[in-house]
Number of protein chains: 2
Amino acid sequence: MGISDRKEREKQEMRKLIIGTAMDMFIHDGYEKTSIRNIAEKIEYSPATIYLYYKDKDELLYEVQGEAFAELYKAFEKEATSTDPMEKLEQLLHSYVKFGFEHPDLYDLMFILRSPMKAVSEDWPNCDESFEFLLKTITPCMHQLRFSDPGVASLSIWALGHGLISLFIRQRIKVMHLNDEEQRALITSTVNEHLRLIKK
Amino acid sequence: MGISDRKEREKQEMRKLIIGTAMDMFIHDGYEKTSIRNIAEKIEYSPATIYLYYKDKDELLYEVQGEAFAELYKAFEKEATSTDPMEKLEQLLHSYVKFGFEHPDLYDLMFILRSPMKAVSEDWPNCDESFEFLLKTITPCMHQLRFSDPGVASLSIWALGHGLISLFIRQRIKVMHLNDEEQRALITSTVNEHLRLIKK
DNA sequence: TTATTTTATAAACAGTGTTTAGTAAATTTG
DNA sequence: CAAATTTACTAAACACTGTTTATAAAATAA
């Protein structure tokens with residue numbers, strides 16, 4: 001069965017080539033502005049070929065989201081390393097916001113873009129891990145936090161971070177009449193204030 | 001000048017017909033799924049006619065956003081009426097979240113959708129008023145809040161509310177494995193907790 | 001009534017996601 | 001090895017999209 005092994009390998013390589021290229025183009029030009037035809041052109045295949053490996057553009061987004069969630073998790077592992085539970089929680093939130101600042105297009109496609117149908121009906125690939133990281137970081141902090149419920153605590157922290165980044169990325173903070181640098185500084189201040197407020 | 005008066009009046013009526021229809025369709029089917037052709041068909045004009053009254057689809061969104069921001073402001077005026085500053089602030093945040101729950105498609109187009117170019121270069125119509133409402137509600141509360149800066153205070157409250165609603169609307173809270181009703185309840189709890197935390 | 005301006009549209013352009021029918025190459029079978 | 005079959009790929013088409021242009025009809029001005 002050497003031939004079917006190689007064929008399977010080649011199939012997986014082709015899939016990797018497609019989503020790798022898709023991810024690059026999503027980051028550079030955004031999801032909506034990246035067309036199947038553009039992706040096909042870059043990998044020097046016909047547009048129809050992509051449909052032999054992926055059901056539709058939605059599935060392409062779904063797969064790229066999986067890669068992106070894995071990258072976020074890696075950032076968490078690298079940056080939220082403190083042995084002190086509270087400090088680790090602070091590092092985690094800062095890591096999340098930093099990810100949004102440094103990879104706005106990835107963040108967009110992970111948390112702002114309309115969910116692909118596959119993600120709604122099934123599960124998000126590598127997304128649970130990141131949320132688990134938050135939950136497991138919060139748990140040992142609960143006695144030092146002004147929350148009684150871990151669900152409320154985690155959602156409060158996540159929503160604040162997400163709210164700040166998504167308002168920034170989609171340029172809604174414009175109503176505050178600040179320039180880019182001032183906006184980033186204000187967001188960082190607000191994150192720090194929130195971390196202060198939730199502490200007992 | 002009676003004729004040009006009537007013409008101006010007719011022009012404004014046509015504009016109202018177009019954005020009124022556009023708004024209805026944006027709410028029912030969403031911005032992306034509503035096409036200029038669909039709008040034209042509904043008002044029984046050719047697609048090209050719409051371009052005599054509005055520059056492009058972006059401008060249509062910009063105008064509808066204006067209407068939507070005005071509606072949000074009206075909701076604020078109706079629901080945040082307390083004479084007690086702190087209570088008024090609580091009413092305001094609850095009004096904001098309620099607006100998101102009750103008009104998810106409007107909320108989407110106001111705060112989540114990519115900004116129209118016109119809104120980036122110029123100003124958002126009727127958006128400043130709503131943010132001003134928040135600022136003016138917060139100002140007399142400052143001495144009772146655990147914030148020193150009104151900018152941080154207003155952004156913290158806005159970002160939390162927006163974070164919760166946008167994660168809900170774009171179905172990201174799915175990772176917490178709760179049903180729709182549980183999600184709404186958790187969001188309301190988190191709002192109440194935040195209001196408790198920011199108080200001195 | 002004629003000339004001019006205004007208003008509306010049919011048709012086209014360049015793009016999109018996706019499907020279908022057909023071809024050429026690789027593999028399996030006799 | 002040759003024939004049959006499966007696999008991999010693509011050209012072309014379908015049904016859309018936002019937008020522009022050239023043209024016709026209606027309303028107004030001269």
# chains A, B, ... in the order shown; residues from 1 in each chain; ligands from 1
call {"tool": "closest_atom_pairs", "arguments": {"of": "chain A", "to": "chain C", "cutoff": "12 Å", "atoms": "only C-alpha atoms (C1' of nucleotides)", "output": "CSV"}}
result
residue,atom,partner,partner_atom,distance
A:Ile3,CA,C:DT27,C1',9.0
A:Ser4,CA,C:DT27,C1',10.2
A:Lys7,CA,C:DA26,C1',10.9
A:Glu32,CA,C:DT16,C1',10.1
A:Lys33,CA,C:DT16,C1',9.9
A:Thr34,CA,C:DT16,C1',10.1
A:Ser35,CA,C:DT16,C1',7.4
A:Ile36,CA,C:DG17,C1',7.7
A:Arg37,CA,C:DT16,C1',9.0
A:Asn38,CA,C:DT16,C1',11.0
A:Pro47,CA,C:DT18,C1',9.6
A:Ala48,CA,C:DT18,C1',8.4
A:Thr49,CA,C:DT18,C1',11.6
A:Ile50,CA,C:DT18,C1',10.9
A:Tyr51,CA,C:DT18,C1',8.5
A:Leu52,CA,C:DT19,C1',11.7
A:Tyr54,CA,C:DT18,C1',11.8
A:Lys55,CA,C:DT18,C1',9.8
A:Asp56,CA,C:DT18,C1',8.0
A:Lys57,CA,C:DG17,C1',7.8
A:Asp58,CA,C:DG17,C1',10.3
call {"tool": "interface_residues", "arguments": {"of": "chain A", "to": "chain B", "cutoff": "8 Å", "atoms": "only C-alpha atoms", "output": "VMD selection string"}}
result
chain A and resid 111 to 115 120 124 127 to 128 131 146 to 147 151 to 153 155 to 156 158 to 164 166 to 167 170 to 172 174 to 175 186 to 187 189 to 190 193 to 194 197 to 198
call {"tool": "write_last_selection", "arguments": {"atoms": "C-alpha atoms", "output": "PDB file, in the first residue's frame"}}
result
ATOM      1  CA  PHE A 111     -13.151  36.753  16.872  1.00  0.00           C
ATOM      2  CA  ILE A 112     -14.918  39.371  14.759  1.00  0.00           C
ATOM      3  CA  LEU A 113     -15.740  37.749  11.429  1.00  0.00           C
ATOM      4  CA  ARG A 114     -19.051  35.964  11.002  1.00  0.00           C
ATOM      5  CA  SER A 115     -18.708  32.371  12.188  1.00  0.00           C
ATOM      6  CA  VAL A 120     -21.516  26.875  14.603  1.00  0.00           C
ATOM      7  CA  TRP A 124     -13.936  25.406  16.850  1.00  0.00           C
ATOM      8  CA  CYS A 127     -10.315  27.344  20.384  1.00  0.00           C
ATOM      9  CA  ASP A 128     -11.312  25.362  23.461  1.00  0.00           C
ATOM     10  CA  PHE A 131     -10.405  29.262  26.679  1.00  0.00           C
ATOM     11  CA  ARG A 146     -13.988  39.972  43.559  1.00  0.00           C
ATOM     12  CA  PHE A 147     -16.007  37.436  41.551  1.00  0.00           C
ATOM     13  CA  GLY A 151     -17.840  31.804  34.486  1.00  0.00           C
ATOM     14  CA  VAL A 152     -18.566  35.447  35.194  1.00  0.00           C
ATOM     15  CA  ALA A 153     -14.907  36.072  35.995  1.00  0.00           C
ATOM     16  CA  LEU A 155     -16.244  36.204  30.620  1.00  0.00           C
ATOM     17  CA  SER A 156     -15.647  39.571  32.270  1.00  0.00           C
ATOM     18  CA  TRP A 158     -12.416  38.069  27.992  1.00  0.00           C
ATOM     19  CA  ALA A 159     -15.189  40.522  27.106  1.00  0.00           C
ATOM     20  CA  LEU A 160     -13.199  43.506  28.303  1.00  0.00           C
ATOM     21  CA  GLY A 161     -10.164  42.484  26.280  1.00  0.00           C
ATOM     22  CA  HIS A 162     -12.220  41.619  23.238  1.00  0.00           C
ATOM     23  CA  GLY A 163     -14.290  44.778  23.519  1.00  0.00           C
ATOM     24  CA  LEU A 164     -11.197  46.968  23.571  1.00  0.00           C
ATOM     25  CA  SER A 166     -12.487  44.900  18.452  1.00  0.00           C
ATOM     26  CA  LEU A 167     -13.560  48.525  18.956  1.00  0.00           C
ATOM     27  CA  ARG A 170     -13.025  48.267  13.629  1.00  0.00           C
ATOM     28  CA  GLN A 171     -12.129  51.902  14.335  1.00  0.00           C
ATOM     29  CA  ARG A 172     -15.037  52.688  16.670  1.00  0.00           C
ATOM     30  CA  LYS A 174     -12.561  57.120  16.705  1.00  0.00           C
ATOM     31  CA  VAL A 175     -15.466  58.846  18.540  1.00  0.00           C
ATOM     32  CA  LEU A 186      -5.747  54.218  26.628  1.00  0.00           C
ATOM     33  CA  ILE A 187      -6.524  50.581  25.916  1.00  0.00           C
ATOM     34  CA  SER A 189      -4.513  51.727  30.780  1.00  0.00           C
ATOM     35  CA  THR A 190      -8.041  50.339  30.711  1.00  0.00           C
ATOM     36  CA  GLU A 193      -7.416  49.327  35.573  1.00  0.00           C
ATOM     37  CA  HIS A 194      -9.647  46.319  35.006  1.00  0.00           C
ATOM     38  CA  LEU A 197     -10.606  46.487  39.888  1.00  0.00           C
ATOM     39  CA  ILE A 198     -11.190  42.736  39.878  1.00  0.00           C
TER      40      ILE A 198
END
call {"tool": "atom_distance", "arguments": {"atom1": "atom CA of B:Leu93", "atom2": "atom CA of B:Met142"}}
result
15.7 Å
call {"tool": "closest_atom_pairs", "arguments": {"of": "chain D", "to": "chain A", "cutoff": "12 Å", "atoms": "only C-alpha atoms (C1' of nucleotides)", "output": "JSON lines"}}
result
{"residue": "D:DT7", "atom": "C1'", "partner": "A:Lys7", "partner_atom": "CA", "distance": 10.0}
{"residue": "D:DA8", "atom": "C1'", "partner": "A:Thr49", "partner_atom": "CA", "distance": 8.6}
{"residue": "D:DC9", "atom": "C1'", "partner": "A:Thr49", "partner_atom": "CA", "distance": 6.6}
{"residue": "D:DT10", "atom": "C1'", "partner": "A:Ser46", "partner_atom": "CA", "distance": 6.1}
{"residue": "D:DA11", "atom": "C1'", "partner": "A:Ser46", "partner_atom": "CA", "distance": 9.2}
{"residue": "D:DA12", "atom": "C1'", "partner": "A:Ala48", "partner_atom": "CA", "distance": 11.2}
call {"tool": "atom_distance", "arguments": {"atom1": "atom CA of A:Ala80", "atom2": "atom CA of A:Ser95"}}
result
7.2 Å
call {"tool": "residues_around", "arguments": {"residues": "B:Glu71", "least_positions_apart": "6", "cutoff": "10 Å", "atoms": "only C-alpha atoms (C1' of nucleotides)", "output": "list in words"}}
result
Gln65, Glu77, Phe99, Leu106, Asn126 and Ser130 of chain B
